[in-house]
Amino acid sequence: MAHDAVDEEGGAEQDEPIPDDAPQPTAVLIRPEDLRTSLGAIWRNLRQAYYVTPCWHAEFYVGLAYSGFISVSQAVPARSGGESIPLLIPEIQRSYGVLHYANLHIERNVAKRAAHYELRFDTAFDDVLAALCEYHENCWLLPEYCSLLRTLHKRGRMPVPSGASGAQFEVHSVELYDTRDGTLVAGEVGYAIGSLFTSLTGFTRAGHPSAGKVQLAGLACVLEHSGSALWNLGHPPREANDRLPASMLYKREIGVTVMPRRAFLRQWIAARDAPLLELTRAVETLRAHCTREGSGAHTPAGVPLGSLLKARRLAQPPKGATAQGARAGLPASPPFEDVAERNQGVHASAPS
């Protein structure tokens, strides 16, 4: 059993905490066959996080993702002095930044600024990739990685080669548009496996305050409505210390918590073979709801976020308190049904 492979030789209760910023051992070569023969040992080796492979096969990438790795890429100089070699760098993180939807926290100013934004999925994949490469200095999205993501996106839903019968994988682009001028102002790429969603990287255009947070909050609402068990946002937020500056604190502001590797993998394994997230269906339902609520003009492909974020915010526990049973008025279908009631007794874990 996969859970046994995670917990063998001691469970999470015996884990010695290893900070994410602790020195990392040299990256270790990983091969496709290692996912069949050595995965348990990889999961249990809490000191090793980074691996490396020259293999860019789509099936191998999907198998890595199914196993809990998040992959980036890097070009390294050839020893002979020729062209650089593009390498895939899969990371099985020491800890993960995770959103459980009961912890989702939408700030007041984010809900207010959402009035002129609309969220779409998979309508401008190449535009999102181009924006990501432009936004990030020394972006890890090498041309080979972008090509791989395009290939996977064109395939749509695909079976996980190493997964249980019925396990599926799908790459998505998430796009936030300003409805006043139709411009793409924020977005990200990620993928769904079972009832899980993993974000890879995102961007925000200059001149659009809080657009990134609006996009994240809107995506969280769509994922929650689609029945997602867990949102994996990769590296967790980090406070400043004597060695490193603060990093990705925006994740904590929306409710992301830190989960050690073994605890994360147990939840990951429990949900990765579930039916694949129906993001298109969730978008259609939420768009219809927002139309009834009079959210203004929008395209057939998008969800207007003004009323959606305002309604979802009413269902969250107040900062530092428990929910008092406020109803959000969201579509009467899981998981938005009785959101406020499900949040009763749940303390908000993120600050305003």
# chains A, B, ... in the order shown; residues from 1 in each chain; ligands from 1
call {"tool": "select_by_dssp", "arguments": {"residues": "range 174-267 of chain A", "states": "strand (DSSP E or B)", "output": "ChimeraX atom specification"}}
result
/A:174-178,183-193,196-204,230-232,238,247,257-260
call {"tool": "residues_around", "arguments": {"residues": "Tyr61 in chain A", "least_positions_apart": "4", "cutoff": "10 Å", "atoms": "only C-alpha atoms", "output": "VMD selection string"}}
result
chain A and resid 32 55 to 57 65 to 67 69 to 71 88 90 148 to 149 152 160
call {"tool": "write_last_selection", "arguments": {"atoms": "N, CA and C atoms", "output": "PDB file, in the first residue's frame"}}
result
ATOM      1  N   PRO A  32      12.711   6.923 -14.678  1.00  0.00           N
ATOM      2  CA  PRO A  32      11.315   6.462 -14.667  1.00  0.00           C
ATOM      3  C   PRO A  32      11.097   5.201 -13.844  1.00  0.00           C
ATOM      4  N   CYS A  55      15.240  13.330 -18.670  1.00  0.00           N
ATOM      5  CA  CYS A  55      14.084  12.733 -19.363  1.00  0.00           C
ATOM      6  C   CYS A  55      12.912  13.712 -19.368  1.00  0.00           C
ATOM      7  N   TRP A  56      12.426  14.033 -20.568  1.00  0.00           N
ATOM      8  CA  TRP A  56      11.314  14.962 -20.720  1.00  0.00           C
ATOM      9  C   TRP A  56      10.055  14.261 -21.231  1.00  0.00           C
ATOM     10  N   HIS A  57       9.955  12.968 -21.071  1.00  0.00           N
ATOM     11  CA  HIS A  57       8.785  12.254 -21.536  1.00  0.00           C
ATOM     12  C   HIS A  57       7.548  12.675 -20.738  1.00  0.00           C
ATOM     13  N   ALA A  65       4.400  13.863 -10.963  1.00  0.00           N
ATOM     14  CA  ALA A  65       3.360  14.680 -10.343  1.00  0.00           C
ATOM     15  C   ALA A  65       2.429  13.822  -9.492  1.00  0.00           C
ATOM     16  N   TYR A  66       2.046  12.673  -9.999  1.00  0.00           N
ATOM     17  CA  TYR A  66       1.173  11.742  -9.270  1.00  0.00           C
ATOM     18  C   TYR A  66       1.821  11.297  -7.961  1.00  0.00           C
ATOM     19  N   SER A  67       3.155  11.235  -7.943  1.00  0.00           N
ATOM     20  CA  SER A  67       3.897  10.784  -6.759  1.00  0.00           C
ATOM     21  C   SER A  67       4.189  11.896  -5.771  1.00  0.00           C
ATOM     22  N   PHE A  69       5.777  14.921  -6.497  1.00  0.00           N
ATOM     23  CA  PHE A  69       6.843  15.829  -6.899  1.00  0.00           C
ATOM     24  C   PHE A  69       6.255  17.074  -7.566  1.00  0.00           C
ATOM     25  N   ILE A  70       6.924  18.204  -7.381  1.00  0.00           N
ATOM     26  CA  ILE A  70       6.680  19.395  -8.187  1.00  0.00           C
ATOM     27  C   ILE A  70       7.971  19.662  -8.945  1.00  0.00           C
ATOM     28  N   SER A  71       7.888  19.760 -10.254  1.00  0.00           N
ATOM     29  CA  SER A  71       9.092  19.854 -11.083  1.00  0.00           C
ATOM     30  C   SER A  71       9.289  21.253 -11.632  1.00  0.00           C
ATOM     31  N   LEU A  88      15.184  18.484 -16.128  1.00  0.00           N
ATOM     32  CA  LEU A  88      14.000  18.576 -15.280  1.00  0.00           C
ATOM     33  C   LEU A  88      14.453  18.363 -13.841  1.00  0.00           C
ATOM     34  N   PRO A  90      12.785  17.581 -10.474  1.00  0.00           N
ATOM     35  CA  PRO A  90      11.646  17.246  -9.612  1.00  0.00           C
ATOM     36  C   PRO A  90      12.026  17.441  -8.133  1.00  0.00           C
ATOM     37  N   LEU A 148       6.609  20.901 -23.178  1.00  0.00           N
ATOM     38  CA  LEU A 148       5.988  19.774 -22.483  1.00  0.00           C
ATOM     39  C   LEU A 148       4.602  20.149 -21.965  1.00  0.00           C
ATOM     40  N   LEU A 149       4.484  21.319 -21.354  1.00  0.00           N
ATOM     41  CA  LEU A 149       3.191  21.745 -20.833  1.00  0.00           C
ATOM     42  C   LEU A 149       2.170  21.927 -21.959  1.00  0.00           C
ATOM     43  N   LEU A 152       0.955  18.468 -22.944  1.00  0.00           N
ATOM     44  CA  LEU A 152       0.039  17.917 -21.950  1.00  0.00           C
ATOM     45  C   LEU A 152      -1.303  18.641 -21.978  1.00  0.00           C
ATOM     46  N   VAL A 160      -3.124   8.408 -15.716  1.00  0.00           N
ATOM     47  CA  VAL A 160      -1.813   8.394 -15.073  1.00  0.00           C
ATOM     48  C   VAL A 160      -1.184   7.035 -15.343  1.00  0.00           C
TER      49      VAL A 160
END
call {"tool": "select_by_dssp", "arguments": {"residues": "range 245-285 of chain A", "states": "alpha helix (DSSP H)", "output": "PyMOL selection string"}}
result
chain A and resi 249-253+261-271+279-285
call {"tool": "write_last_selection", "arguments": {"atoms": "C-alpha atoms", "output": "PDB file, in the first residue's frame"}}
result
ATOM      1  CA  LEU A 249       3.601  35.566   2.638  1.00  0.00           C
ATOM      2  CA  TYR A 250       0.603  36.154   0.359  1.00  0.00           C
ATOM      3  CA  LYS A 251      -0.054  32.413   0.653  1.00  0.00           C
ATOM      4  CA  ARG A 252      -0.517  32.698   4.408  1.00  0.00           C
ATOM      5  CA  GLU A 253      -2.871  35.637   3.884  1.00  0.00           C
ATOM      6  CA  ARG A 261       6.025  15.851   3.797  1.00  0.00           C
ATOM      7  CA  ARG A 262       4.655  12.675   5.348  1.00  0.00           C
ATOM      8  CA  ALA A 263       1.410  14.254   6.499  1.00  0.00           C
ATOM      9  CA  PHE A 264       1.013  15.828   3.066  1.00  0.00           C
ATOM     10  CA  LEU A 265       1.668  12.557   1.235  1.00  0.00           C
ATOM     11  CA  ARG A 266      -0.931  10.695   3.287  1.00  0.00           C
ATOM     12  CA  GLN A 267      -3.614  13.206   2.251  1.00  0.00           C
ATOM     13  CA  TRP A 268      -2.270  13.334  -1.306  1.00  0.00           C
ATOM     14  CA  ILE A 269      -2.400   9.564  -1.722  1.00  0.00           C
ATOM     15  CA  ALA A 270      -5.931   9.437  -0.312  1.00  0.00           C
ATOM     16  CA  ALA A 271      -7.234  11.859  -2.967  1.00  0.00           C
ATOM     17  CA  LEU A 279     -13.444  22.670 -13.358  1.00  0.00           C
ATOM     18  CA  THR A 280     -15.496  23.463 -16.476  1.00  0.00           C
ATOM     19  CA  ARG A 281     -18.679  22.272 -14.797  1.00  0.00           C
ATOM     20  CA  ALA A 282     -17.893  24.297 -11.676  1.00  0.00           C
ATOM     21  CA  VAL A 283     -17.300  27.398 -13.792  1.00  0.00           C
ATOM     22  CA  GLU A 284     -20.633  26.937 -15.587  1.00  0.00           C
ATOM     23  CA  THR A 285     -22.541  26.578 -12.322  1.00  0.00           C
TER      24      THR A 285
END
call {"tool": "closest_residue", "arguments": {"among": "A:Gly97, A:Pro275, A:Gly234, A:Gly187", "to": "Ala211 in chain A", "atoms": "only C-alpha atoms"}}
result
A:Gly187
call {"tool": "atom_distance", "arguments": {"atom1": "CA of Ala206 in chain A", "atom2": "CA of Val185 in chain A"}}
result
8.1 Å
call {"tool": "residues_around", "arguments": {"residues": "Ser210 in chain A", "least_positions_apart": "4", "cutoff": "10 Å", "atoms": "only C-alpha atoms", "output": "JSON, numbers by chain"}}
result
{"A": [109, 110, 111, 113, 114, 186, 204, 214, 215, 216]}
call {"tool": "write_last_selection", "arguments": {"atoms": "all heavy atoms", "output": "PDB file, in the first residue's frame"}}
result
ATOM      1  N   ASN A 109     -10.497  44.006   1.069  1.00  0.00           N
ATOM      2  CA  ASN A 109     -10.108  44.792  -0.103  1.00  0.00           C
ATOM      3  C   ASN A 109     -10.015  43.922  -1.354  1.00  0.00           C
ATOM      4  O   ASN A 109     -10.236  44.393  -2.476  1.00  0.00           O
ATOM      5  CB  ASN A 109      -8.784  45.516   0.144  1.00  0.00           C
ATOM      6  CG  ASN A 109      -7.602  44.563   0.202  1.00  0.00           C
ATOM      7  OD1 ASN A 109      -7.670  43.521   0.850  1.00  0.00           O
ATOM      8  ND2 ASN A 109      -6.507  44.915  -0.460  1.00  0.00           N
ATOM      9  N   VAL A 110      -9.707  42.635  -1.185  1.00  0.00           N
ATOM     10  CA  VAL A 110      -9.652  41.729  -2.322  1.00  0.00           C
ATOM     11  C   VAL A 110     -11.052  41.513  -2.886  1.00  0.00           C
ATOM     12  O   VAL A 110     -11.263  41.583  -4.103  1.00  0.00           O
ATOM     13  CB  VAL A 110      -9.009  40.385  -1.923  1.00  0.00           C
ATOM     14  CG1 VAL A 110      -9.139  39.353  -3.046  1.00  0.00           C
ATOM     15  CG2 VAL A 110      -7.534  40.591  -1.566  1.00  0.00           C
ATOM     16  N   ALA A 111     -12.013  41.257  -2.020  1.00  0.00           N
ATOM     17  CA  ALA A 111     -13.391  41.076  -2.484  1.00  0.00           C
ATOM     18  C   ALA A 111     -13.919  42.347  -3.154  1.00  0.00           C
ATOM     19  O   ALA A 111     -14.628  42.288  -4.161  1.00  0.00           O
ATOM     20  CB  ALA A 111     -14.280  40.684  -1.309  1.00  0.00           C
ATOM     21  N   ARG A 113     -12.134  44.719  -4.734  1.00  0.00           N
ATOM     22  CA  ARG A 113     -11.469  44.973  -6.011  1.00  0.00           C
ATOM     23  C   ARG A 113     -11.808  43.919  -7.071  1.00  0.00           C
ATOM     24  O   ARG A 113     -11.456  44.079  -8.246  1.00  0.00           O
ATOM     25  CB  ARG A 113      -9.953  45.039  -5.798  1.00  0.00           C
ATOM     26  CG  ARG A 113      -9.517  46.305  -5.068  1.00  0.00           C
ATOM     27  CD  ARG A 113      -8.047  46.302  -4.763  1.00  0.00           C
ATOM     28  NE  ARG A 113      -7.631  47.588  -4.203  1.00  0.00           N
ATOM     29  CZ  ARG A 113      -6.459  47.819  -3.651  1.00  0.00           C
ATOM     30  NH1 ARG A 113      -5.556  46.853  -3.584  1.00  0.00           N
ATOM     31  NH2 ARG A 113      -6.147  49.018  -3.161  1.00  0.00           N
ATOM     32  N   ALA A 114     -12.493  42.862  -6.675  1.00  0.00           N
ATOM     33  CA  ALA A 114     -12.826  41.799  -7.632  1.00  0.00           C
ATOM     34  C   ALA A 114     -13.949  42.185  -8.579  1.00  0.00           C
ATOM     35  O   ALA A 114     -14.212  41.471  -9.544  1.00  0.00           O
ATOM     36  CB  ALA A 114     -13.219  40.532  -6.874  1.00  0.00           C
ATOM     37  N   ALA A 186      -3.580  38.688 -14.760  1.00  0.00           N
ATOM     38  CA  ALA A 186      -2.949  37.750 -13.820  1.00  0.00           C
ATOM     39  C   ALA A 186      -3.299  36.336 -14.265  1.00  0.00           C
ATOM     40  O   ALA A 186      -4.252  36.130 -15.031  1.00  0.00           O
ATOM     41  CB  ALA A 186      -3.408  37.991 -12.379  1.00  0.00           C
ATOM     42  N   THR A 204       1.428  38.501 -12.286  1.00  0.00           N
ATOM     43  CA  THR A 204       0.499  39.616 -12.146  1.00  0.00           C
ATOM     44  C   THR A 204       1.042  40.791 -12.948  1.00  0.00           C
ATOM     45  O   THR A 204       2.231  41.100 -12.873  1.00  0.00           O
ATOM     46  CB  THR A 204       0.357  40.040 -10.668  1.00  0.00           C
ATOM     47  OG1 THR A 204      -0.043  38.908  -9.889  1.00  0.00           O
ATOM     48  CG2 THR A 204      -0.682  41.142 -10.518  1.00  0.00           C
ATOM     49  N   VAL A 214      -6.802  38.385  -6.079  1.00  0.00           N
ATOM     50  CA  VAL A 214      -8.144  38.134  -6.621  1.00  0.00           C
ATOM     51  C   VAL A 214      -8.145  36.834  -7.409  1.00  0.00           C
ATOM     52  O   VAL A 214      -9.067  36.013  -7.292  1.00  0.00           O
ATOM     53  CB  VAL A 214      -8.596  39.310  -7.510  1.00  0.00           C
ATOM     54  CG1 VAL A 214      -9.885  38.960  -8.258  1.00  0.00           C
ATOM     55  CG2 VAL A 214      -8.800  40.570  -6.673  1.00  0.00           C
ATOM     56  N   GLN A 215      -7.119  36.635  -8.229  1.00  0.00           N
ATOM     57  CA  GLN A 215      -7.038  35.399  -9.014  1.00  0.00           C
ATOM     58  C   GLN A 215      -6.958  34.174  -8.103  1.00  0.00           C
ATOM     59  O   GLN A 215      -7.647  33.168  -8.336  1.00  0.00           O
ATOM     60  CB  GLN A 215      -5.821  35.445  -9.930  1.00  0.00           C
ATOM     61  CG  GLN A 215      -5.680  34.216 -10.826  1.00  0.00           C
ATOM     62  CD  GLN A 215      -4.512  33.334 -10.430  1.00  0.00           C
ATOM     63  OE1 GLN A 215      -3.369  33.777 -10.427  1.00  0.00           O
ATOM     64  NE2 GLN A 215      -4.779  32.080 -10.096  1.00  0.00           N
ATOM     65  N   LEU A 216      -6.143  34.244  -7.053  1.00  0.00           N
ATOM     66  CA  LEU A 216      -6.020  33.116  -6.135  1.00  0.00           C
ATOM     67  C   LEU A 216      -7.342  32.845  -5.414  1.00  0.00           C
ATOM     68  O   LEU A 216      -7.753  31.694  -5.275  1.00  0.00           O
ATOM     69  CB  LEU A 216      -4.912  33.384  -5.122  1.00  0.00           C
ATOM     70  CG  LEU A 216      -3.482  33.349  -5.645  1.00  0.00           C
ATOM     71  CD1 LEU A 216      -2.512  33.824  -4.563  1.00  0.00           C
ATOM     72  CD2 LEU A 216      -3.103  31.950  -6.110  1.00  0.00           C
TER      73      LEU A 216
END
call {"tool": "residues_around", "arguments": {"residues": "Ala49 in chain A", "least_positions_apart": "5", "cutoff": "8 Å", "atoms": "only C-alpha atoms", "output": "list in words"}}
result
Gln24, Pro25, Ala27, Glu91, Ile92, Gln93 and Arg94 of chain A
call {"tool": "residues_around", "arguments": {"residues": "range 123-134 of chain A", "least_positions_apart": "3", "cutoff": "6 Å", "atoms": "only C-alpha atoms", "output": "JSON, numbers by chain"}}
result
{"A": [139, 173, 203]}
call {"tool": "atom_distance", "arguments": {"atom1": "CA of Gly156 in chain A", "atom2": "CA of Pro304 in chain A"}}
result
24.6 Å
call {"tool": "residues_around", "arguments": {"residues": "Ala217 in chain A", "least_positions_apart": "6", "cutoff": "9 Å", "atoms": "only C-alpha atoms", "output": "JSON, numbers by chain"}}
result
{"A": [104, 105, 106, 110, 111, 254, 309]}
call {"tool": "closest_residue", "arguments": {"among": "A:Leu196, A:Leu286, A:Met259, A:Ala220", "to": "Val174 in chain A", "atoms": "only C-alpha atoms"}}
result
A:Ala220
call {"tool": "atom_distance", "arguments": {"atom1": "CA of Val303 in chain A", "atom2": "CA of Trp231 in chain A"}}
result
19.5 Å
call {"tool": "residues_around", "arguments": {"residues": "range 72-79 of chain A", "least_positions_apart": "5", "cutoff": "7 Å", "atoms": "only C-alpha atoms", "output": "PyMOL selection string"}}
result
chain A and resi 84-90+140-142+145
